[in-house]
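Peer 1: Provided below: model.cif, containing mmCIF, C-alpha atoms and all ligand atoms; chains and numbers go by the auth columns.
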data_run
#
loop_
_atom_site.group_PDB
_atom_site.id
_atom_site.type_symbol
_atom_site.label_atom_id
_atom_site.label_comp_id
_atom_site.label_asym_id
_atom_site.label_seq_id
_atom_site.Cartn_x
_atom_site.Cartn_y
_atom_site.Cartn_z
_atom_site.B_iso_or_equiv
_atom_site.auth_seq_id
_atom_site.auth_asym_id
ATOM 1 C CA MET A 1 -0.156 19.652 -0.785 0.00 6 A
ATOM 2 C CA GLN A 2 1.278 16.724 1.073 0.00 7 A
ATOM 3 C CA LEU A 3 4.827 16.681 2.379 0.00 8 A
ATOM 4 C CA ARG A 4 5.498 13.014 2.803 0.00 9 A
ATOM 5 C CA ILE A 5 7.861 11.097 0.556 0.00 10 A
ATOM 6 C CA PHE A 6 7.325 7.612 1.895 0.00 11 A
ATOM 7 C CA PHE A 7 3.921 6.053 2.237 0.00 12 A
ATOM 8 C CA LYS A 8 3.123 3.123 4.391 0.00 13 A
ATOM 9 C CA SER A 9 1.935 0.253 2.277 0.00 14 A
ATOM 10 C CA PHE A 10 -0.178 -2.578 3.558 0.00 15 A
ATOM 11 C CA PRO A 11 0.932 -5.828 1.933 0.00 16 A
ATOM 12 C CA GLU A 12 -1.711 -7.717 3.945 0.00 17 A
ATOM 13 C CA THR A 13 -4.409 -6.127 1.819 0.00 18 A
ATOM 14 C CA SER A 14 -2.571 -6.100 -1.493 0.00 19 A
ATOM 15 C CA LYS A 15 -2.299 -8.667 -4.258 0.00 20 A
ATOM 16 C CA CYS A 16 -0.117 -11.722 -4.098 0.00 21 A
ATOM 17 C CA PRO A 17 2.801 -11.221 -6.525 0.00 22 A
ATOM 18 C CA SER A 18 2.563 -14.837 -7.580 0.00 23 A
ATOM 19 C CA CYS A 19 -1.103 -15.799 -7.933 0.00 24 A
ATOM 20 C CA GLY A 20 -2.663 -12.318 -7.931 0.00 25 A
ATOM 21 C CA LYS A 21 -5.254 -13.053 -5.272 0.00 26 A
ATOM 22 C CA ILE A 22 -6.165 -10.337 -2.823 0.00 27 A
ATOM 23 C CA GLY A 23 -6.157 -10.805 0.913 0.00 28 A
ATOM 24 C CA THR A 24 -4.269 -14.075 1.003 0.00 29 A
ATOM 25 C CA ILE A 25 -0.942 -12.645 2.139 0.00 30 A
ATOM 26 C CA ARG A 26 0.056 -13.063 5.728 0.00 31 A
ATOM 27 C CA ARG A 27 3.188 -12.168 7.635 0.00 32 A
ATOM 28 C CA SER A 28 5.765 -14.874 7.841 0.00 33 A
ATOM 29 C CA ARG A 29 8.436 -15.626 10.390 0.00 34 A
ATOM 30 C CA SER A 30 12.057 -15.256 9.415 0.00 35 A
ATOM 31 C CA LYS A 31 13.831 -18.543 8.915 0.00 36 A
ATOM 32 C CA ASN A 32 17.425 -17.476 8.658 0.00 37 A
ATOM 33 C CA PHE A 33 19.826 -14.696 9.545 0.00 38 A
ATOM 34 C CA PHE A 34 19.377 -12.909 6.236 0.00 39 A
ATOM 35 C CA GLU A 35 15.616 -12.730 6.661 0.00 40 A
ATOM 36 C CA SER A 36 15.773 -11.568 10.255 0.00 41 A
ATOM 37 C CA ALA A 37 18.314 -8.908 9.229 0.00 42 A
ATOM 38 C CA ILE A 38 15.830 -7.576 6.679 0.00 43 A
ATOM 39 C CA LYS A 39 13.094 -7.570 9.265 0.00 44 A
ATOM 40 C CA SER A 40 15.146 -5.723 11.864 0.00 45 A
ATOM 41 C CA ALA A 41 16.100 -3.090 9.284 0.00 46 A
ATOM 42 C CA GLY A 42 12.463 -2.074 9.436 0.00 47 A
ATOM 43 C CA PHE A 43 11.809 -1.332 5.788 0.00 48 A
ATOM 44 C CA ALA A 44 10.461 -4.672 4.734 0.00 49 A
ATOM 45 C CA ASN A 45 8.730 -7.694 6.081 0.00 50 A
ATOM 46 C CA LEU A 46 8.438 -11.315 5.159 0.00 51 A
ATOM 47 C CA PHE A 47 5.154 -12.474 3.755 0.00 52 A
ATOM 48 C CA LYS A 48 3.584 -15.681 2.705 0.00 53 A
ATOM 49 C CA CYS A 49 0.598 -16.423 0.519 0.00 54 A
ATOM 50 C CA ARG A 50 -1.948 -18.848 1.927 0.00 55 A
ATOM 51 C CA GLU A 51 -3.247 -19.729 -1.504 0.00 56 A
ATOM 52 C CA CYS A 52 -0.222 -20.536 -3.630 0.00 57 A
ATOM 53 C CA GLY A 53 2.492 -20.802 -1.013 0.00 58 A
ATOM 54 C CA TRP A 54 4.492 -17.867 -2.342 0.00 59 A
ATOM 55 C CA ARG A 55 6.942 -16.534 0.180 0.00 60 A
ATOM 56 C CA GLY A 56 8.945 -13.377 -0.092 0.00 61 A
ATOM 57 C CA ILE A 57 9.850 -9.919 1.006 0.00 62 A
ATOM 58 C CA LEU A 58 7.586 -6.937 0.543 0.00 63 A
ATOM 59 C CA ARG A 59 8.445 -3.374 1.360 0.00 64 A
ATOM 60 C CA LYS A 60 6.586 -1.694 4.179 0.00 65 A
ATOM 61 C CA TYR A 61 6.925 1.682 2.547 0.00 66 A
ATOM 62 C CA SER A 62 6.321 2.718 -0.994 0.00 67 A
ATOM 63 C CA VAL A 63 6.827 5.819 -3.074 0.00 68 A
ATOM 64 C CA ASN A 64 4.263 7.161 -5.496 0.00 69 A
ATOM 65 C CA ARG A 65 4.205 9.993 -8.032 0.00 70 A
ATOM 66 C CA TYR A 66 3.450 12.509 -5.306 0.00 71 A
ATOM 67 C CA SER A 67 6.754 11.540 -3.717 0.00 72 A
ATOM 68 C CA PHE A 68 8.608 12.791 -6.777 0.00 73 A
ATOM 69 C CA ILE A 69 6.627 16.032 -6.829 0.00 74 A
ATOM 70 C CA THR A 70 7.392 16.517 -3.146 0.00 75 A
ATOM 71 C CA LEU A 71 11.079 15.788 -3.733 0.00 76 A
ATOM 72 C CA PHE A 72 11.064 18.274 -6.602 0.00 77 A
ATOM 73 C CA PHE A 73 9.589 20.993 -4.384 0.00 78 A
ATOM 74 C CA TYR A 74 12.081 20.243 -1.644 0.00 79 A
ATOM 75 C CA GLY A 75 14.841 20.587 -4.227 0.00 80 A
ATOM 76 C CA LEU A 76 13.445 23.903 -5.456 0.00 81 A
ATOM 77 C CA LEU A 77 13.171 25.129 -1.886 0.00 82 A
ATOM 78 C CA ILE A 78 16.778 24.205 -1.102 0.00 83 A
ATOM 79 C CA ILE A 79 18.052 25.868 -4.296 0.00 84 A
ATOM 80 C CA SER A 80 16.114 29.074 -3.686 0.00 85 A
ATOM 81 C CA VAL A 81 17.206 29.242 -0.050 0.00 86 A
ATOM 82 C CA ALA A 82 20.819 28.663 -1.116 0.00 87 A
ATOM 83 C CA TYR A 83 20.449 31.411 -3.732 0.00 88 A
ATOM 84 C CA VAL A 84 19.032 33.892 -1.209 0.00 89 A
ATOM 85 C CA ILE A 85 21.811 33.102 1.268 0.00 90 A
ATOM 86 C CA THR A 86 24.551 33.633 -1.342 0.00 91 A
ATOM 87 C CA GLN A 87 22.925 36.923 -2.391 0.00 92 A
ATOM 88 C CA VAL A 88 22.744 38.130 1.208 0.00 93 A
ATOM 89 C CA LEU A 89 26.359 37.109 1.802 0.00 94 A
ATOM 90 C CA LYS A 90 27.487 38.871 -1.385 0.00 95 A
ATOM 91 C CA ASN A 91 25.612 42.049 -0.457 0.00 96 A
ATOM 92 C CA ASN A 92 26.989 42.144 3.040 0.00 97 A
ATOM 93 C CA PHE A 93 30.476 40.755 2.679 0.00 98 A
ATOM 94 C CA GLY A 94 31.208 41.139 -1.033 0.00 99 A
ATOM 95 C CA GLU A 95 33.671 43.591 -2.579 0.00 100 A
HETATM 96 ZN ZN ZN B . -0.471 -16.380 -3.991 0.00 1 B
#
Could the structure of this file be written out as structure tokens, please?
Ligand SMILES: [Zn+2]
Peer 2:
Amino acid sequence: MQLRIFFKSFPETSKCPSCGKIGTIRRSRSKNFFESAIKSAGFANLFKCRECGWRGILRKYSVNRYSFITLFFYGLLIISVAYVITQVLKNNFGE
């Protein structure tokens, strides 16, 4: 079982959203304040396609179906821990 929710994605090796070619995407420099703000937030980067000239923002991290399973187990864990704590409190401090 894996415990990570976010997975690092590698846009450099993925398909271009515009022309669909693989391996043509390169990192691009930010041209304005908005783009540099996105970059400094750390979750996304600017990319550019060498083939078709597409330019845009791609996330550095992605979630997959295992993320939801992991989140579900974390939720179950929190609920069961909360349940145990309330039971212990009731047994010790209840009427
Ligand atoms: Zn392209």
Peer 1: Could you tell me which residues the PyMOL selection byres (((not hetatm)) within 12 of (chain B and resi 1)) grabs in this file, written as a ChimeraX atom specification?
Peer 2: /A:17,19-31,52-61
Peer 1: Suppose you want the space between atom CA of Phe39 of chain A and atom CA of Ser14 of chain A; what is it in Å?
Peer 2: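 Between these atoms lies a distance of 22.2 Å.
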Peer 1: What are the centre and edge lengths in Å, to one decimal, of the axis-aligned box around all listed atoms of segment 71-86 of chain A with 3 Å added on each side, as AutoDock Vina command-line options?
Peer 2:
--center_x 10.8 --center_y 20.4 --center_z -3.4 --size_x 20.6 --size_y 23.7 --size_z 12.8
Peer 1: When you count all atoms listed in the file, which of these residues is closest to Lys13 of chain A: A:Asn37, A:Val68, A:Ser45, A:Ile62?
Peer 2: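 Of A:Asn37, A:Val68, A:Ser45, A:Ile62, the one nearest Lys13 of chain A is A:Val68, counting all atoms listed in the file.
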Peer 1: Can you measure atom CA of Phe15 of chain A to atom CA of Ser41 of chain A for me? One decimal in Å is fine.
Peer 2: 19.5 Å
Peer 1: Using only C-alpha atoms, which protein or nucleic acid residues come within 12 Å of Ile43 of chain A? Drop anything in the same chain fewer than 6 positions from it, and give the result as a PyMOL selection string.
Peer 2: chain A and resi 34-37+49-51+61-65
Peer 1: Generate the output file for the selected residues, C-alpha atoms, as a PDB file, in the frame of the given file.
Peer 2:
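Dumped everything to out-v6.pdb:
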ATOM      1  CA  ARG A  34       8.436 -15.626  10.390  1.00  0.00           C
ATOM      2  CA  SER A  35      12.057 -15.256   9.415  1.00  0.00           C
ATOM      3  CA  LYS A  36      13.831 -18.543   8.915  1.00  0.00           C
ATOM      4  CA  ASN A  37      17.425 -17.476   8.658  1.00  0.00           C
ATOM      5  CA  ALA A  49      10.461  -4.672   4.734  1.00  0.00           C
ATOM      6  CA  ASN A  50       8.730  -7.694   6.081  1.00  0.00           C
ATOM      7  CA  LEU A  51       8.438 -11.315   5.159  1.00  0.00           C
ATOM      8  CA  GLY A  61       8.945 -13.377  -0.092  1.00  0.00           C
ATOM      9  CA  ILE A  62       9.850  -9.919   1.006  1.00  0.00           C
ATOM     10  CA  LEU A  63       7.586  -6.937   0.543  1.00  0.00           C
ATOM     11  CA  ARG A  64       8.445  -3.374   1.360  1.00  0.00           C
ATOM     12  CA  LYS A  65       6.586  -1.694   4.179  1.00  0.00           C
TER      13      LYS A  65
END
